[in-house]
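The data block below is model_38.cif; it holds mmCIF, N, CA and C atoms and all ligand atoms.
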```cif
data_my_file
loop_
_atom_site.label_atom_id
_atom_site.label_comp_id
_atom_site.auth_asym_id
_atom_site.auth_seq_id
_atom_site.Cartn_x
_atom_site.Cartn_y
_atom_site.Cartn_z
N MET G 1 8.68 -4.38 -23.63
CA MET G 1 8.68 -3.59 -22.39
C MET G 1 7.47 -2.66 -22.38
N VAL G 2 6.68 -2.74 -21.31
CA VAL G 2 5.49 -1.91 -21.19
C VAL G 2 5.83 -0.71 -20.31
N GLN G 3 5.60 0.51 -20.82
CA GLN G 3 5.93 1.71 -20.04
C GLN G 3 4.72 2.60 -19.81
N LEU G 4 4.85 3.42 -18.79
CA LEU G 4 3.77 4.34 -18.43
C LEU G 4 3.77 5.53 -19.40
N THR G 5 2.60 5.85 -19.98
CA THR G 5 2.54 6.95 -20.94
C THR G 5 2.11 8.26 -20.27
N ASN G 6 1.44 8.17 -19.13
CA ASN G 6 0.87 9.27 -18.34
C ASN G 6 -0.07 10.23 -19.09
N ARG G 7 -0.51 9.87 -20.28
CA ARG G 7 -1.51 10.69 -20.97
C ARG G 7 -2.85 9.96 -21.02
N GLN G 8 -2.85 8.80 -21.65
CA GLN G 8 -4.09 8.05 -21.85
C GLN G 8 -4.57 7.36 -20.58
N LEU G 9 -5.88 7.04 -20.62
CA LEU G 9 -6.43 6.22 -19.54
C LEU G 9 -6.57 4.79 -20.07
N CYS G 10 -6.65 3.87 -19.15
CA CYS G 10 -6.77 2.45 -19.47
C CYS G 10 -8.02 2.18 -20.33
N HIS G 11 -7.89 1.28 -21.32
CA HIS G 11 -9.01 0.94 -22.22
C HIS G 11 -9.97 -0.09 -21.63
N ALA G 12 -9.60 -0.67 -20.51
CA ALA G 12 -10.41 -1.76 -19.95
C ALA G 12 -11.67 -1.24 -19.26
N THR G 13 -12.60 -2.14 -19.06
CA THR G 13 -13.82 -1.84 -18.33
C THR G 13 -13.72 -2.54 -16.97
N ARG G 14 -14.08 -1.78 -15.93
CA ARG G 14 -13.99 -2.36 -14.59
C ARG G 14 -15.13 -3.34 -14.35
N LYS G 15 -15.07 -4.04 -13.22
CA LYS G 15 -16.10 -5.03 -12.90
C LYS G 15 -17.48 -4.39 -12.77
N ASP G 16 -17.53 -3.11 -12.39
CA ASP G 16 -18.83 -2.44 -12.24
C ASP G 16 -19.35 -1.87 -13.56
N GLY G 17 -18.65 -2.14 -14.66
CA GLY G 17 -19.12 -1.71 -15.98
C GLY G 17 -18.62 -0.33 -16.39
N GLN G 18 -17.99 0.39 -15.46
CA GLN G 18 -17.46 1.73 -15.76
C GLN G 18 -16.08 1.61 -16.42
N PRO G 19 -15.72 2.59 -17.28
CA PRO G 19 -14.36 2.53 -17.85
C PRO G 19 -13.31 2.72 -16.75
N CYS G 20 -12.20 2.00 -16.90
CA CYS G 20 -11.13 2.10 -15.91
C CYS G 20 -10.51 3.50 -16.01
N GLN G 21 -10.28 4.15 -14.88
CA GLN G 21 -9.75 5.52 -14.84
C GLN G 21 -8.25 5.57 -14.58
N ALA G 22 -7.61 4.41 -14.49
CA ALA G 22 -6.19 4.38 -14.17
C ALA G 22 -5.36 4.78 -15.40
N PRO G 23 -4.18 5.41 -15.17
CA PRO G 23 -3.33 5.78 -16.30
C PRO G 23 -2.88 4.55 -17.08
N ALA G 24 -2.86 4.67 -18.42
CA ALA G 24 -2.52 3.53 -19.27
C ALA G 24 -1.02 3.41 -19.49
N LEU G 25 -0.58 2.18 -19.64
CA LEU G 25 0.80 1.89 -20.03
C LEU G 25 0.85 1.96 -21.56
N SER G 26 2.01 1.73 -22.15
CA SER G 26 2.13 1.85 -23.60
C SER G 26 1.25 0.85 -24.36
N ASP G 27 0.78 -0.21 -23.70
CA ASP G 27 -0.11 -1.16 -24.38
C ASP G 27 -1.57 -0.76 -24.26
N GLY G 28 -1.85 0.43 -23.68
CA GLY G 28 -3.23 0.92 -23.60
C GLY G 28 -3.98 0.47 -22.36
N PHE G 29 -3.33 -0.32 -21.51
CA PHE G 29 -3.98 -0.79 -20.29
C PHE G 29 -3.17 -0.38 -19.06
N CYS G 30 -3.85 -0.29 -17.91
CA CYS G 30 -3.17 0.08 -16.67
C CYS G 30 -2.44 -1.14 -16.09
N PHE G 31 -1.75 -0.95 -14.98
CA PHE G 31 -1.03 -2.04 -14.31
C PHE G 31 -1.95 -3.23 -14.02
N GLY G 32 -3.17 -2.91 -13.59
CA GLY G 32 -4.09 -3.98 -13.21
C GLY G 32 -4.71 -4.71 -14.38
N HIS G 33 -4.81 -4.04 -15.56
CA HIS G 33 -5.49 -4.66 -16.70
C HIS G 33 -4.56 -5.08 -17.84
N SER G 34 -3.30 -4.69 -17.80
CA SER G 34 -2.38 -5.01 -18.90
C SER G 34 -2.20 -6.52 -19.08
N PRO G 35 -2.56 -7.06 -20.27
CA PRO G 35 -2.38 -8.50 -20.50
C PRO G 35 -0.90 -8.89 -20.40
N ALA G 36 0.00 -8.01 -20.86
CA ALA G 36 1.44 -8.32 -20.80
C ALA G 36 1.89 -8.45 -19.34
N LEU G 37 1.40 -7.52 -18.51
CA LEU G 37 1.77 -7.57 -17.09
C LEU G 37 1.07 -8.72 -16.38
N ALA G 38 -0.15 -9.07 -16.86
CA ALA G 38 -0.87 -10.20 -16.25
C ALA G 38 -0.07 -11.48 -16.46
N GLU G 39 0.53 -11.61 -17.65
CA GLU G 39 1.36 -12.79 -17.93
C GLU G 39 2.59 -12.80 -17.02
N LYS G 40 3.18 -11.62 -16.85
CA LYS G 40 4.34 -11.51 -15.95
C LYS G 40 3.95 -11.88 -14.52
N ALA G 41 2.77 -11.38 -14.10
CA ALA G 41 2.29 -11.67 -12.75
C ALA G 41 2.03 -13.16 -12.58
N ARG G 42 1.51 -13.79 -13.66
CA ARG G 42 1.23 -15.24 -13.61
C ARG G 42 2.54 -16.00 -13.42
N GLN G 43 3.56 -15.58 -14.16
CA GLN G 43 4.87 -16.24 -14.04
C GLN G 43 5.45 -16.01 -12.65
N ALA G 44 5.24 -14.79 -12.12
CA ALA G 44 5.74 -14.47 -10.78
C ALA G 44 5.06 -15.36 -9.74
N ARG G 45 3.75 -15.58 -9.94
CA ARG G 45 3.02 -16.44 -8.99
C ARG G 45 3.56 -17.86 -9.03
N LEU G 46 3.97 -18.29 -10.25
CA LEU G 46 4.53 -19.64 -10.39
C LEU G 46 5.83 -19.76 -9.60
N ARG G 47 6.55 -18.64 -9.51
CA ARG G 47 7.80 -18.65 -8.74
C ARG G 47 7.52 -18.60 -7.23
N GLY G 48 6.25 -18.39 -6.93
CA GLY G 48 5.69 -18.41 -5.57
C GLY G 48 6.59 -18.14 -4.39
N GLY G 49 7.25 -19.15 -3.92
CA GLY G 49 8.04 -19.08 -2.69
C GLY G 49 8.90 -17.85 -2.59
N GLN G 50 9.60 -17.56 -3.66
CA GLN G 50 10.50 -16.40 -3.71
C GLN G 50 9.75 -15.10 -3.41
N ASN G 51 8.60 -14.94 -4.06
CA ASN G 51 7.81 -13.73 -3.86
C ASN G 51 7.24 -13.66 -2.45
N LYS G 52 6.91 -14.82 -1.93
CA LYS G 52 6.38 -14.89 -0.58
C LYS G 52 7.45 -14.39 0.40
N ALA G 53 8.69 -14.81 0.18
CA ALA G 53 9.79 -14.38 1.04
C ALA G 53 9.96 -12.87 0.98
N GLN G 54 9.81 -12.30 -0.21
CA GLN G 54 9.93 -10.85 -0.36
C GLN G 54 8.80 -10.13 0.37
N ALA G 55 7.60 -10.70 0.28
CA ALA G 55 6.45 -10.11 0.97
C ALA G 55 6.67 -10.13 2.48
N VAL G 56 7.24 -11.21 2.97
CA VAL G 56 7.52 -11.33 4.40
C VAL G 56 8.56 -10.28 4.82
N ARG G 57 9.60 -10.09 3.99
CA ARG G 57 10.63 -9.08 4.28
C ARG G 57 10.03 -7.68 4.31
N LEU G 58 9.17 -7.39 3.33
CA LEU G 58 8.51 -6.09 3.23
C LEU G 58 7.66 -5.84 4.47
N ARG G 59 6.98 -6.88 4.89
CA ARG G 59 6.09 -6.87 6.04
C ARG G 59 6.84 -6.46 7.31
N ARG G 60 8.11 -6.90 7.44
CA ARG G 60 8.91 -6.61 8.63
C ARG G 60 9.25 -5.12 8.74
N LEU G 61 9.15 -4.38 7.62
CA LEU G 61 9.44 -2.95 7.63
C LEU G 61 8.30 -2.17 8.29
N ILE G 62 7.12 -2.79 8.38
CA ILE G 62 5.96 -2.10 8.93
C ILE G 62 5.89 -2.34 10.43
N PRO G 63 5.84 -1.24 11.24
CA PRO G 63 5.71 -1.44 12.69
C PRO G 63 4.46 -2.26 12.97
N PRO G 64 4.54 -3.24 13.88
CA PRO G 64 3.41 -4.15 14.14
C PRO G 64 2.08 -3.43 14.38
N ARG G 65 2.15 -2.28 15.09
CA ARG G 65 0.90 -1.57 15.39
C ARG G 65 0.24 -1.02 14.13
N LEU G 66 1.05 -0.79 13.07
CA LEU G 66 0.51 -0.23 11.84
C LEU G 66 0.07 -1.30 10.84
N ALA G 67 0.40 -2.55 11.12
CA ALA G 67 0.09 -3.63 10.18
C ALA G 67 -1.40 -3.73 9.81
N PRO G 68 -2.31 -3.64 10.79
CA PRO G 68 -3.73 -3.73 10.41
C PRO G 68 -4.16 -2.57 9.50
N ILE G 69 -3.61 -1.37 9.74
CA ILE G 69 -3.94 -0.20 8.90
C ILE G 69 -3.42 -0.43 7.49
N PHE G 70 -2.19 -0.94 7.41
CA PHE G 70 -1.60 -1.22 6.11
C PHE G 70 -2.43 -2.24 5.34
N ASP G 71 -2.85 -3.30 6.01
CA ASP G 71 -3.66 -4.34 5.37
C ASP G 71 -4.96 -3.76 4.82
N ARG G 72 -5.59 -2.91 5.63
CA ARG G 72 -6.88 -2.33 5.22
C ARG G 72 -6.67 -1.42 4.01
N LEU G 73 -5.60 -0.62 4.03
CA LEU G 73 -5.33 0.30 2.93
C LEU G 73 -5.00 -0.46 1.65
N GLU G 74 -4.32 -1.59 1.80
CA GLU G 74 -4.00 -2.42 0.65
C GLU G 74 -5.29 -2.94 0.01
N GLN G 75 -6.22 -3.31 0.87
CA GLN G 75 -7.53 -3.79 0.40
C GLN G 75 -8.29 -2.66 -0.28
N VAL G 76 -8.21 -1.44 0.31
CA VAL G 76 -8.86 -0.26 -0.27
C VAL G 76 -8.33 0.01 -1.67
N LEU G 77 -7.00 -0.14 -1.84
CA LEU G 77 -6.38 0.08 -3.14
C LEU G 77 -6.97 -0.87 -4.19
N ASP G 78 -7.11 -2.13 -3.83
CA ASP G 78 -7.70 -3.13 -4.74
C ASP G 78 -9.15 -2.77 -5.07
N GLU G 79 -9.90 -2.41 -4.02
CA GLU G 79 -11.32 -2.10 -4.21
C GLU G 79 -11.50 -0.85 -5.06
N LEU G 80 -10.60 0.14 -4.87
CA LEU G 80 -10.67 1.37 -5.69
C LEU G 80 -10.40 1.04 -7.15
N HIS G 81 -9.38 0.22 -7.38
CA HIS G 81 -9.01 -0.11 -8.75
C HIS G 81 -10.10 -0.91 -9.45
N SER G 82 -10.74 -1.81 -8.73
CA SER G 82 -11.76 -2.63 -9.37
C SER G 82 -13.11 -1.90 -9.44
N GLY G 83 -13.19 -0.70 -8.83
CA GLY G 83 -14.42 0.08 -8.89
C GLY G 83 -15.43 -0.32 -7.83
N LYS G 84 -15.04 -1.18 -6.88
CA LYS G 84 -15.98 -1.64 -5.84
C LYS G 84 -16.18 -0.57 -4.78
N LEU G 85 -15.19 0.36 -4.67
CA LEU G 85 -15.25 1.36 -3.60
C LEU G 85 -15.34 2.77 -4.20
N ASP G 86 -16.23 3.58 -3.63
CA ASP G 86 -16.38 4.99 -4.02
C ASP G 86 -15.06 5.71 -3.71
N PRO G 87 -14.46 6.39 -4.71
CA PRO G 87 -13.18 7.08 -4.46
C PRO G 87 -13.24 8.07 -3.30
N ARG G 88 -14.43 8.67 -3.04
CA ARG G 88 -14.55 9.61 -1.92
C ARG G 88 -14.35 8.88 -0.59
N ILE G 89 -14.87 7.65 -0.51
CA ILE G 89 -14.70 6.86 0.72
C ILE G 89 -13.24 6.47 0.86
N GLY G 90 -12.62 6.06 -0.26
CA GLY G 90 -11.20 5.71 -0.23
C GLY G 90 -10.35 6.86 0.23
N SER G 91 -10.67 8.05 -0.28
CA SER G 91 -9.93 9.25 0.07
C SER G 91 -10.09 9.59 1.55
N SER G 92 -11.33 9.48 2.06
CA SER G 92 -11.58 9.74 3.48
C SER G 92 -10.83 8.75 4.35
N MET G 93 -10.84 7.48 3.93
CA MET G 93 -10.15 6.45 4.71
C MET G 93 -8.65 6.73 4.76
N ALA G 94 -8.08 7.17 3.63
CA ALA G 94 -6.65 7.48 3.59
C ALA G 94 -6.33 8.64 4.52
N THR G 95 -7.22 9.64 4.59
CA THR G 95 -7.02 10.79 5.48
C THR G 95 -7.03 10.35 6.94
N VAL G 96 -8.02 9.53 7.31
CA VAL G 96 -8.12 9.05 8.68
C VAL G 96 -6.92 8.17 9.02
N ALA G 97 -6.52 7.30 8.08
CA ALA G 97 -5.37 6.42 8.30
C ALA G 97 -4.10 7.25 8.53
N ALA G 98 -3.95 8.34 7.76
CA ALA G 98 -2.77 9.20 7.92
C ALA G 98 -2.77 9.84 9.30
N ALA G 99 -3.95 10.26 9.79
CA ALA G 99 -4.05 10.86 11.11
C ALA G 99 -3.69 9.82 12.18
N MET G 100 -4.15 8.58 12.00
CA MET G 100 -3.83 7.50 12.95
C MET G 100 -2.32 7.27 12.98
N CYS G 101 -1.70 7.28 11.81
CA CYS G 101 -0.25 7.06 11.74
C CYS G 101 0.51 8.18 12.43
N ARG G 102 0.05 9.43 12.26
CA ARG G 102 0.70 10.56 12.93
C ARG G 102 0.59 10.42 14.45
N LEU G 103 -0.59 10.04 14.91
CA LEU G 103 -0.82 9.85 16.34
C LEU G 103 0.10 8.76 16.90
N LEU G 104 0.20 7.66 16.17
CA LEU G 104 1.07 6.57 16.61
C LEU G 104 2.53 7.02 16.63
N ALA G 105 2.92 7.82 15.64
CA ALA G 105 4.30 8.31 15.57
C ALA G 105 4.61 9.19 16.78
N VAL G 106 3.67 10.08 17.13
CA VAL G 106 3.86 10.96 18.30
C VAL G 106 3.94 10.13 19.57
N GLY G 107 3.07 9.13 19.70
CA GLY G 107 3.06 8.25 20.87
C GLY G 107 4.39 7.52 21.00
N GLU G 108 4.90 7.05 19.89
CA GLU G 108 6.16 6.31 19.88
C GLU G 108 7.32 7.22 20.30
N LEU G 109 7.29 8.45 19.78
CA LEU G 109 8.34 9.42 20.10
C LEU G 109 8.33 9.74 21.60
N GLU G 110 7.11 9.93 22.16
CA GLU G 110 6.99 10.21 23.58
C GLU G 110 7.54 9.07 24.42
N GLU G 111 7.26 7.85 23.98
CA GLU G 111 7.73 6.67 24.68
C GLU G 111 9.26 6.62 24.68
N ARG G 112 9.84 6.97 23.55
CA ARG G 112 11.31 6.95 23.44
C ARG G 112 11.94 8.03 24.31
N VAL G 113 11.33 9.22 24.34
CA VAL G 113 11.85 10.31 25.17
C VAL G 113 11.76 9.92 26.64
N ARG G 114 10.62 9.34 27.04
CA ARG G 114 10.43 8.90 28.42
C ARG G 114 11.49 7.88 28.80
N SER G 115 11.74 6.95 27.89
CA SER G 115 12.74 5.90 28.15
C SER G 115 14.15 6.50 28.27
N LEU G 116 14.44 7.50 27.44
CA LEU G 116 15.74 8.18 27.52
C LEU G 116 15.88 8.93 28.84
N GLU G 117 14.80 9.60 29.26
CA GLU G 117 14.82 10.35 30.52
C GLU G 117 15.05 9.41 31.69
N GLU G 118 14.38 8.24 31.65
CA GLU G 118 14.55 7.24 32.70
C GLU G 118 16.00 6.78 32.79
N SER G 119 16.59 6.47 31.63
CA SER G 119 17.96 5.95 31.66
C SER G 119 18.96 7.03 32.05
N SER G 120 18.66 8.28 31.74
CA SER G 120 19.58 9.35 32.16
C SER G 120 19.46 9.59 33.67
N LYS G 121 18.26 9.43 34.23
CA LYS G 121 18.07 9.54 35.68
C LYS G 121 18.84 8.45 36.40
N ASN G 122 18.73 7.23 35.86
CA ASN G 122 19.42 6.08 36.45
C ASN G 122 20.93 6.23 36.38
N ALA G 123 21.43 6.86 35.31
CA ALA G 123 22.88 7.02 35.13
C ALA G 123 23.45 8.00 36.16
N LYS G 124 22.64 8.98 36.58
CA LYS G 124 23.09 9.99 37.54
C LYS G 124 23.24 9.44 38.95
N ARG G 125 22.52 8.33 39.23
CA ARG G 125 22.57 7.76 40.59
C ARG G 125 23.90 7.11 40.91
ZN ZN F 1 -7.29 -0.51 -15.95
#
```
Structure re-expressed in structure tokens:
Amino acid sequence: MVQLTNRQLCHATRKDGQPCQAPALSDGFCFGHSPALAEKARQARLRGGQNKAQAVRLRRLIPPRLAPIFDRLEQVLDELHSGKLDPRIGSSMATVAAAMCRLLAVGELEERVRSLEESSKNAKR
């Protein structure tokens, strides 16, 4: 069993040659670099269909309007971990994405209130 130690950093080197900055598990590597977890991930990929079904279920939890933002952020997470993306850019993108989500949430709430007001007007007639 590989557990998070929350003290050490990962021993692996990222694709850009820099040391990985992610917190290490008990085997000295992070989630992305752990050979033990890589084997588990390989086995999970072999089970394919099952995991695909779970991904589809997870996907349904995301409001359709937010799906493109979620996809982009997922990509940002990968790029940050592999060292392809400057953490400052990742951080800025997360801030902007959070603002977009808040705006969408307010818009959705307004739409629901408007719809409730409409149906209450109709009920009075
Ligand atoms: Zn790592």
Original post:
Taking into account only C-alpha atoms, which residue in the set G:Ala12, G:Leu58, G:Ala44, G:Leu103 is nearest to Phe31 in chain G?
Top reply: G:Ala12
Original post:
Given a cut-off of 9 Å, what residues near ligand ZN 1 (chain F) show up using only C-alpha atoms and all ligand atoms, put as a PyMOL selection string?
Top reply: chain G and resi 9-14+19-24+28-34+81-82
**OP:** Check the DSSP output for the backbone and give back, as a ChimeraX atom specification, the residues of range 38-87 of chain G in helix (DSSP H, G or I).
**Re:** /G:38-46,49-60,64-82,87
Taking all atoms of range 55-60 of chain G that appear in the file, build a box with edges along x, y and z, extend it by 8 Å on every side, and state its centre and edge lengths in Å to one decimal, as AutoDock Vina command-line options.
```
--center_x 8.4 --center_y -8.2 --center_z 4.5 --size_x 20.5 --size_y 22.2 --size_z 24.5
```
Original post:
CA of Leu37 in chain G to atom N of Arg7 in chain G: how many Å, to one decimal?
Top reply: 17.9 Å
Subject >> Gap from CA of Gly83 in chain G to CA of Gln18 in chain G - Å, one decimal >> reply: 7.7 Å
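The two atoms in question, CA of Pro63 in chain G and CA of Leu104 in chain G, are spaced 10.1 Å apart.
Residues surrounding range 72-79 of chain G within 8 Å are Leu66, Ala67, Lys84, Leu85, Asp86, Pro87, Gly90, Met93 and Ala94 of chain G [all atoms listed in the file; sequence separation below 5 positions excluded].
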